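Written below as structure tokens is the structure these notes are about.
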Amino acid sequence: MATGVKKKRKYLYEVDAMRIMFIFGVLLNHTTTAFAQSMTDATGWAHMLLLSTHLTIHFTRMGFMFMTGLVLTLNYYKKDDWPNFFKKRFAGSGWPYLLWNFILMVFALIVGTPGFSLNNFASTYYSAIIHGDQFYMYYILVTLQLYLLFPFLVWLFKKFTGHHGWILGISFAIQLLLMFGIKYGLPHVDRSNWIWWLRAYGVNVFTYQFYFIFGAFTSLHYQAMVAFIKKHAKAIGTVTLALGLGTVAYYFWNRDVLGLSHSSAVSPHQPYMLFYDTMMIIFVFGVGKIYDRWRKKHVGSWFDLFVKNGAKVSFGIYLDQTIGLTLLTYLLKFTHFPDWAYVALIPVGYALVLGVSFGIAWFCYKVAPFGILIGRPQIHLFKKKGDKAYDQINHASVQSTKE
């Protein structure tokens, strides 16, 4: 019997935890790179340790893509209000993209970063906006492309309602072919006459199509995904651990057998990484569910507040990370330690980068009008009545499951 009372939608706390894990992984990845660049013995065990484990924590890029597809689908799959979607999403990501490119370019001028000067400021800024090749902003440019394609993604899942598994499977097969093509084919092809968007596949939305589709699929089959993870938790953990350890051997195979450079050897666009990234995403999802179960008994604890607040500003942490990383790099220039000491100091440097990045993002979140810098503006000049200030990570069809 209908009661007329609207059922409150379940908030997905595990998504908060996933956001934290992925953004913290990104910063760890970039922090270890800064320490590796300070080492002097290129073939020493300390330097090789950091280089060979780089792929192990490089799943975070694809994790971000997955989260984007997941959250967009959670929020917009049933709305079909595309004009409002475009207005909100392009403003929410577009303004931070434009503003942070400008702010960080000014910052680069102040600290004397090579390649930046007043004479080429306008042209460099324009190039950064068009190409997304400065300050880790490629993710935002890829996301802006996804917004244009998202209505088609929704149409695809609605059109083939009973065949979502096929959509995901075909997408995975296409992704695998793309990875083989990028790694083994493109280096032997003359791309000098290609348009930039095709040459620079790292900022091409189609390069990440599987992860967006995987995120959308997970949103639409949330309970099934949770049940699958619970049923196969041990196997998922074992396979993920094995693949993670395998990234070290994969790195040396890339270098010693294939003769690839370091940058090519740690590229996220490789067939092996597709399997590893997919398993890591599922594993992190499972850890998020563990956190959700833990939180029910520890609401209001310091860790609960840490995850809650960190998730709120995770996008901002990603955007402003360059400042903390630049500060770390600057401080490392004054050090002359043996390489093993740099490995030991990684937790200290990591804490510095996290603290600076979180502090700046939290300031923007709390102090008007700086919220616009992290996609959470405190002032909404064109907001309609009933509009949410930002996306909510809940789902009308997600019900509480027995733990």
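By convention here, the chains of the structure tokens are called A, B, ... in the order presented, each chain's residues are numbered starting at 1, and ligands are numbered starting at 1 in the order presented.
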Practice problem: Identify, on the basis of only C-alpha atoms, every residue whose closest approach to Phe59 (chain A) does not exceed 7 Å; exclude the query and any residue fewer than 3 positions from it along the same chain; express the result as a PyMOL selection string. | Solution: chain A and resi 62-63+277+280
Self-check item: Spatial neighbours of Gly359 (chain A), 10 Å, only C-alpha atoms, chain gap at least 2 places, as a VMD selection string
Solution: chain A and resid 313 316 to 317 320 324 353 to 357 361 to 365
Using only C-alpha atoms, please write the residues we just selected to a file, as a PDB file, in the first residue's frame.
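Result file selection-v9.pdb:
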```pdb
ATOM      1  CA  VAL A 313      37.505  18.431  -1.472  1.00  0.00           C
ATOM      2  CA  GLY A 316      40.215  20.408  -5.265  1.00  0.00           C
ATOM      3  CA  ILE A 317      43.148  18.331  -3.982  1.00  0.00           C
ATOM      4  CA  ASP A 320      45.969  22.205  -6.519  1.00  0.00           C
ATOM      5  CA  GLY A 324      52.486  20.986  -2.810  1.00  0.00           C
ATOM      6  CA  VAL A 353      52.127  17.243  -0.215  1.00  0.00           C
ATOM      7  CA  LEU A 354      48.897  15.913   1.272  1.00  0.00           C
ATOM      8  CA  GLY A 355      48.795  18.597   3.945  1.00  0.00           C
ATOM      9  CA  VAL A 356      49.403  21.478   1.552  1.00  0.00           C
ATOM     10  CA  SER A 357      46.976  20.148  -1.057  1.00  0.00           C
ATOM     11  CA  ALA A 361      41.330  22.809  -1.075  1.00  0.00           C
ATOM     12  CA  TRP A 362      39.704  23.083   2.356  1.00  0.00           C
ATOM     13  CA  PHE A 363      40.283  26.854   2.406  1.00  0.00           C
ATOM     14  CA  CYS A 364      38.561  27.135  -0.976  1.00  0.00           C
ATOM     15  CA  TYR A 365      35.690  24.977   0.268  1.00  0.00           C
TER      16      TYR A 365
END
```
Which residues of region 286-347 of chain A come within 12 Å of region 113-130 of chain A, and what is each one's closest atom pair and distance in Å (one decimal), counting only C-alpha atoms, sorted by chain and residue number, as JSON lines?
```
{"residue": "A:Thr322", "atom": "CA", "partner": "A:Thr113", "partner_atom": "CA", "distance": 11.9}
{"residue": "A:Ile323", "atom": "CA", "partner": "A:Thr113", "partner_atom": "CA", "distance": 12.0}
{"residue": "A:Thr326", "atom": "CA", "partner": "A:Thr113", "partner_atom": "CA", "distance": 9.3}
{"residue": "A:Leu327", "atom": "CA", "partner": "A:Thr113", "partner_atom": "CA", "distance": 11.8}
{"residue": "A:Thr329", "atom": "CA", "partner": "A:Thr113", "partner_atom": "CA", "distance": 11.2}
{"residue": "A:Tyr330", "atom": "CA", "partner": "A:Thr113", "partner_atom": "CA", "distance": 10.5}
```
Quiz prompt | Test item, helix (DSSP H, G or I) assignment across region 318-373 of chain A, answer as a VMD selection string | solution = chain A and resid 318 to 332 339 to 366 370 to 373
Could the residues of region 136-221 of chain A that have an atom at most 12 Å from region 283-303 of chain A be listed as JSON lines, each with its closest atom pair and the distance in Å to one decimal, counting only C-alpha atoms and ordered by chain and ascending residue number?
```
{"residue": "A:Gly215", "atom": "CA", "partner": "A:Phe285", "partner_atom": "CA", "distance": 11.0}
{"residue": "A:Thr218", "atom": "CA", "partner": "A:Phe285", "partner_atom": "CA", "distance": 10.2}
{"residue": "A:Ser219", "atom": "CA", "partner": "A:Phe285", "partner_atom": "CA", "distance": 11.9}
```
Quiz item: With only C-alpha atoms as the atoms that count, which of A:Phe102, A:Tyr222, A:Tyr147, A:Trp197 lies nearest to Val15 (chain A)?
Solution: A:Tyr222
For Tyr139 (chain A), find every residue with an atom within 12 Å (counting only C-alpha atoms), except residues of its own chain fewer than 6 positions away, and show them as a CSV table (one decimal) with C-alpha atoms, in the first residue's frame.
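Resulting contents of selection-v6.csv:
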```csv
chain,number,residue,atom,x,y,z
A,26,VAL,CA,47.6,10.0,-7.3
A,60,THR,CA,44.7,5.7,-9.9
A,61,ARG,CA,44.3,7.5,-13.3
A,62,MET,CA,41.8,4.8,-14.5
A,63,GLY,CA,40.2,4.8,-11.0
A,64,PHE,CA,39.4,8.5,-11.5
A,65,MET,CA,37.9,7.8,-14.9
A,66,PHE,CA,35.8,5.0,-13.4
A,68,THR,CA,33.6,9.9,-13.1
A,93,SER,CA,34.7,21.7,-14.2
A,94,GLY,CA,35.3,24.4,-16.8
A,97,TYR,CA,40.1,24.3,-15.4
A,131,HIS,CA,45.9,20.7,-24.9
A,132,GLY,CA,45.5,20.1,-21.2
A,133,ASP,CA,49.2,19.3,-21.0
A,145,GLN,CA,34.9,15.7,-23.6
A,146,LEU,CA,33.0,13.0,-21.7
A,202,GLY,CA,46.4,10.6,-23.3
A,203,VAL,CA,43.9,13.4,-23.5
A,204,ASN,CA,41.5,11.6,-25.9
A,205,VAL,CA,38.3,10.6,-24.2
A,207,THR,CA,41.3,6.1,-24.8
A,208,TYR,CA,39.5,5.7,-21.5
A,315,PHE,CA,38.6,17.3,-6.7
A,318,TYR,CA,43.7,17.0,-7.5
A,319,LEU,CA,43.6,20.6,-8.9
```
Quiz prompt | Contacts of Ala249 (chain A) at 12 Å (only C-alpha atoms; same-chain gap of 5+ positions) as a list in words | solution = Leu49, Leu51, Ser52, Thr53, His54, Leu55, Thr56, Ala242, Leu243, Gly244, Asn254, Arg255, Asp256, Val257, Ala265, Val266 and Tyr272 of chain A
Go ahead and write the selection's residues with C-alpha atoms as a PDB file, in the first residue's frame.
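Below is the file that was written, selection-v6.pdb:
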```pdb
ATOM      1  CA  LEU A  49      62.788   0.295  -6.284  1.00  0.00           C
ATOM      2  CA  LEU A  51      61.035   3.078 -10.746  1.00  0.00           C
ATOM      3  CA  SER A  52      59.910  -0.541 -10.758  1.00  0.00           C
ATOM      4  CA  THR A  53      57.002   0.022  -8.366  1.00  0.00           C
ATOM      5  CA  HIS A  54      55.675   3.031 -10.246  1.00  0.00           C
ATOM      6  CA  LEU A  55      53.160   0.948 -12.200  1.00  0.00           C
ATOM      7  CA  THR A  56      51.862  -0.595  -8.972  1.00  0.00           C
ATOM      8  CA  ALA A 242      49.332 -11.104  -7.843  1.00  0.00           C
ATOM      9  CA  LEU A 243      48.783  -8.566 -10.616  1.00  0.00           C
ATOM     10  CA  GLY A 244      50.181  -5.812  -8.414  1.00  0.00           C
ATOM     11  CA  ASN A 254      59.446  -3.603 -20.724  1.00  0.00           C
ATOM     12  CA  ARG A 255      62.930  -2.222 -20.065  1.00  0.00           C
ATOM     13  CA  ASP A 256      65.198  -5.238 -20.492  1.00  0.00           C
ATOM     14  CA  VAL A 257      63.357  -7.327 -23.088  1.00  0.00           C
ATOM     15  CA  ALA A 265      57.624   1.259 -19.478  1.00  0.00           C
ATOM     16  CA  VAL A 266      55.406   2.953 -16.868  1.00  0.00           C
ATOM     17  CA  TYR A 272      48.611  -5.666 -18.743  1.00  0.00           C
TER      18      TYR A 272
END
```
